[in-house]
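Have a look at the structure below, then the notes.
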Amino acid sequence: MAAVASLGRHVSRQTYHHRAAACRAFASTSSNRAPAPEGINVQAAKRALASAQAVCFDVDSTVCTEEGIDVLAGFCGAAEAVAEMTKKAMGGNMLFQDAIRMRLELMRPSTAIVERCLREHPPQLSPGMADLAAALHERGTDVYLVSGGFRSMIYPVAKVLGIPESRVYANTIMYNADGSYQGFDEQEPTSRDGGKPAVVKALKAQHGYAPVVMVGDGVTDMQARPPAEAFIGYGGVAVRDAVRRGADWYVYDFQDMIEVVRGGAPRQ
């Protein structure tokens, strides 16, 4: 677990900030002034974040700097084909349930491969994510990880961020008795298209959260608004045009959100 935290703090900050600066070039043609906030309803999104009772985060390319399934695919010898499917799924060009089934069939990850992947290439937190999660927790906001990735790869991330496993919604790989790949749990809401809004809807019904904010880099994250009151798109790792155009607020650096959280009203 320490490896996750360490990598989260030291992930090539120079590379990250160069990437973020390049992303911001979309927003401004002048290097002499800060770009205007991006989004179709920025102030409403900031108000929702300032008083959110729950914030749900996508994991891959949002909380973490990579797509976990692509990393795992590299250990399974299927990196190129899986990365292409991931791109299509995140861009909205393939139903998620089809993409996850096809990618897992290409990979067929065993328990041994998953353990080796986590040991040799632990998840890397996006810069600022640990501080953002801490700020939300300090305010009393419940933080969830809602991901199309795999629980076995996300639980270590949740532990570092102080998020209980009960607040992780993700997919479950199923294995045979010898540890070989069997399939995946198709009953998980995150295993299919529309799963993230289903999770948010269920959380609101169970806990009475209002408002709820969804944060992520992909089209499947944007689908969660509604029932989430606001969707904040994250472009610090990958800029997806459909998400950038449709987000209530589009950010490239979690520091922007931290400032709102620390300056906003505490949960009542």
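In the structure tokens, each chain is lettered A, B, ... as it comes, each chain's residues begin at 1, and ligands are numbered from 1 in order of appearance.
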
Which residues in range 69-223 of chain A does DSSP call helix (DSSP H, G or I)? List them as a ChimeraX atom specification. /A:69-76,79-90,96-107,111-120,129-139,151-161,165-167,189-191,195-207,219-222

Enumerate, in order of chain and increasing residue number, the residues of range 166-249 of chain A with an atom no farther than 9 Å from range 38-46 of chain A, each with its shortest atom pair and distance in Å to one decimal, counting only C-alpha atoms, as a tab-separated table.
```
residue	atom	partner	partner_atom	distance
A:Val213	CA	A:Ala45	CA	8.0
A:Glu229	CA	A:Ala45	CA	8.0
A:Ala230	CA	A:Ala45	CA	5.4
A:Phe231	CA	A:Ala45	CA	7.1
A:Ile232	CA	A:Ala45	CA	7.1
A:Gly233	CA	A:Gly39	CA	8.6
A:Arg244	CA	A:Gly39	CA	7.3
A:Arg245	CA	A:Gly39	CA	7.0
A:Gly246	CA	A:Ile40	CA	6.7
A:Ala247	CA	A:Gly39	CA	5.4
A:Asp248	CA	A:Asn41	CA	4.5
A:Trp249	CA	A:Gly39	CA	4.1
```

Considering only C-alpha atoms, state which residue in the set A:Val237, A:Gly74, A:Leu106, A:Gly208 is at the smallest distance from Gln124 in chain A.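 Residue with the minimum atom-to-atom distance to Gln124 in chain A: A:Val237.
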
In Å, how far is it from CA of Phe75 in chain A to CA of Ile113 in chain A?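 Value for the CA of Phe75 in chain A-CA of Ile113 in chain A distance: 6.8 Å.
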
Per-residue nearest contacts of range 46-158 of chain A to range 174-177 of chain A (12 Å; only C-alpha atoms) as a tab-separated table:
```
residue	atom	partner	partner_atom	distance
A:Leu104	CA	A:Met174	CA	10.8
A:Arg108	CA	A:Tyr175	CA	9.7
A:Pro109	CA	A:Tyr175	CA	8.9
A:Ser110	CA	A:Tyr175	CA	7.1
A:Thr111	CA	A:Tyr175	CA	7.4
A:Ala112	CA	A:Tyr175	CA	10.8
A:Ile113	CA	A:Tyr175	CA	11.9
A:Val114	CA	A:Tyr175	CA	11.4
A:Phe150	CA	A:Met174	CA	10.6
A:Arg151	CA	A:Met174	CA	11.1
A:Ser152	CA	A:Met174	CA	10.8
```

Can you write just those residues out, N, CA and C atoms, as a PDB file, in the first residue's frame?
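To be explicit, this is the file written out as part.pdb:
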```pdb
ATOM      1  N   LEU A 104     -11.681  -8.852 -21.462  1.00  0.00           N
ATOM      2  CA  LEU A 104     -11.343  -9.927 -20.522  1.00  0.00           C
ATOM      3  C   LEU A 104     -11.100 -11.248 -21.248  1.00  0.00           C
ATOM      4  N   ARG A 108      -7.834 -12.927 -20.227  1.00  0.00           N
ATOM      5  CA  ARG A 108      -8.005 -14.104 -19.376  1.00  0.00           C
ATOM      6  C   ARG A 108      -7.026 -14.066 -18.191  1.00  0.00           C
ATOM      7  N   PRO A 109      -7.121 -13.020 -17.353  1.00  0.00           N
ATOM      8  CA  PRO A 109      -6.151 -12.860 -16.255  1.00  0.00           C
ATOM      9  C   PRO A 109      -6.376 -13.868 -15.135  1.00  0.00           C
ATOM     10  N   SER A 110      -5.321 -14.483 -14.688  1.00  0.00           N
ATOM     11  CA  SER A 110      -5.376 -15.400 -13.547  1.00  0.00           C
ATOM     12  C   SER A 110      -5.105 -14.607 -12.270  1.00  0.00           C
ATOM     13  N   THR A 111      -5.341 -15.244 -11.133  1.00  0.00           N
ATOM     14  CA  THR A 111      -5.026 -14.583  -9.864  1.00  0.00           C
ATOM     15  C   THR A 111      -3.535 -14.268  -9.782  1.00  0.00           C
ATOM     16  N   ALA A 112      -2.711 -15.157 -10.294  1.00  0.00           N
ATOM     17  CA  ALA A 112      -1.256 -14.951 -10.239  1.00  0.00           C
ATOM     18  C   ALA A 112      -0.845 -13.727 -11.060  1.00  0.00           C
ATOM     19  N   ILE A 113      -1.476 -13.541 -12.220  1.00  0.00           N
ATOM     20  CA  ILE A 113      -1.136 -12.397 -13.065  1.00  0.00           C
ATOM     21  C   ILE A 113      -1.578 -11.094 -12.408  1.00  0.00           C
ATOM     22  N   VAL A 114      -2.772 -11.079 -11.817  1.00  0.00           N
ATOM     23  CA  VAL A 114      -3.253  -9.869 -11.146  1.00  0.00           C
ATOM     24  C   VAL A 114      -2.323  -9.509  -9.985  1.00  0.00           C
ATOM     25  N   PHE A 150     -11.519  -3.140 -11.937  1.00  0.00           N
ATOM     26  CA  PHE A 150     -11.669  -4.352 -11.142  1.00  0.00           C
ATOM     27  C   PHE A 150     -11.382  -4.103  -9.668  1.00  0.00           C
ATOM     28  N   ARG A 151     -12.228  -4.670  -8.829  1.00  0.00           N
ATOM     29  CA  ARG A 151     -12.115  -4.473  -7.387  1.00  0.00           C
ATOM     30  C   ARG A 151     -10.716  -4.817  -6.868  1.00  0.00           C
ATOM     31  N   SER A 152     -10.151  -5.911  -7.356  1.00  0.00           N
ATOM     32  CA  SER A 152      -8.858  -6.356  -6.843  1.00  0.00           C
ATOM     33  C   SER A 152      -7.759  -5.336  -7.086  1.00  0.00           C
TER      34      SER A 152
END
```

Smallest atom-to-atom distance to Gln187 in chain A: which of A:Pro122, A:Gly77, A:Ala170, A:Tyr144, using only C-alpha atoms?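 Looking only at the distances to Gln187 in chain A, the closest residue turns out to be A:Ala170.
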
Backbone DSSP call of strand (DSSP E or B) for range 82-199 of chain A, listed as JSON, numbers by chain: {"A": [125, 142, 143, 144, 145, 146, 147, 148, 149, 150, 168, 169, 170, 171, 173, 174, 175, 181, 182, 183, 184]}

How would the residues just chosen look if you wrote them out with C-alpha atoms as a PDB file, in the first residue's frame?
```pdb
ATOM      1  CA  LEU A 125      -2.477   8.341  -7.945  1.00  0.00           C
ATOM      2  CA  ASP A 142     -18.709  10.705   1.709  1.00  0.00           C
ATOM      3  CA  VAL A 143     -16.317   9.663  -1.074  1.00  0.00           C
ATOM      4  CA  TYR A 144     -17.014   6.767  -3.439  1.00  0.00           C
ATOM      5  CA  LEU A 145     -15.017   5.078  -6.178  1.00  0.00           C
ATOM      6  CA  VAL A 146     -17.325   4.058  -9.023  1.00  0.00           C
ATOM      7  CA  SER A 147     -15.378   2.297 -11.734  1.00  0.00           C
ATOM      8  CA  GLY A 148     -15.594  -0.041 -14.669  1.00  0.00           C
ATOM      9  CA  GLY A 149     -12.257  -1.447 -13.473  1.00  0.00           C
ATOM     10  CA  PHE A 150     -11.669  -4.352 -11.142  1.00  0.00           C
ATOM     11  CA  VAL A 168     -16.136   0.932  -3.889  1.00  0.00           C
ATOM     12  CA  TYR A 169     -18.371  -0.017  -6.816  1.00  0.00           C
ATOM     13  CA  ALA A 170     -16.439  -1.897  -9.488  1.00  0.00           C
ATOM     14  CA  ASN A 171     -16.261  -5.173 -11.386  1.00  0.00           C
ATOM     15  CA  ILE A 173     -13.215 -11.047 -11.858  1.00  0.00           C
ATOM     16  CA  MET A 174     -14.219 -14.656 -11.213  1.00  0.00           C
ATOM     17  CA  TYR A 175     -11.707 -17.505 -11.065  1.00  0.00           C
ATOM     18  CA  TYR A 181      -9.789 -16.988 -15.342  1.00  0.00           C
ATOM     19  CA  GLN A 182     -13.442 -18.017 -15.318  1.00  0.00           C
ATOM     20  CA  GLY A 183     -15.374 -14.857 -16.156  1.00  0.00           C
ATOM     21  CA  PHE A 184     -16.707 -11.756 -14.467  1.00  0.00           C
TER      22      PHE A 184
END
```

Just to confirm, what's the straight-line distance from CA of Val82 in chain A to CA of Val200 in chain A in Å (one decimal)?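 Result for CA of Val82 in chain A versus CA of Val200 in chain A: 27.5 Å, one decimal.
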
Gap from CA of Val215 in chain A to CA of Val71 in chain A - Å, one decimal: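 CA of Val71 in chain A lies 21.8 Å from CA of Val215 in chain A.
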
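Between Met107 in chain A and the residues A:Glu120, A:Ser180, A:Ala130, A:Val59, the shortest atom-to-atom distance, using only C-alpha atoms, involves A:Ser180.
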
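Using only C-alpha atoms, the smallest distance between any of A:His137, A:Cys117, A:Glu80, A:Gly216 and Thr65 in chain A comes from A:Gly216.
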
Counting only C-alpha atoms, figure out which residue out of A:Ala228, A:Ala99, A:Pro127, A:Glu67 gets nearest to Met214 in chain A. A:Ala228

Can you tell me which residues surround Val239 in chain A at a distance of at most 9 Å, considering only C-alpha atoms, apart from same-chain residues fewer than 2 positions away, and format the answer as a list in words?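 The neighbour list is Cys23, Asp217, Gly218, Tyr234, Gly235, Gly236, Val237, Asp241, Ala242, Val243, Arg244 and Tyr252 of chain A.
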
Compare A:Leu95, A:Met102, A:Val261, A:Leu132 by their minimum atom-to-atom distance to Gly195 in chain A, counting only C-alpha atoms, and give me the closest one. A:Leu95
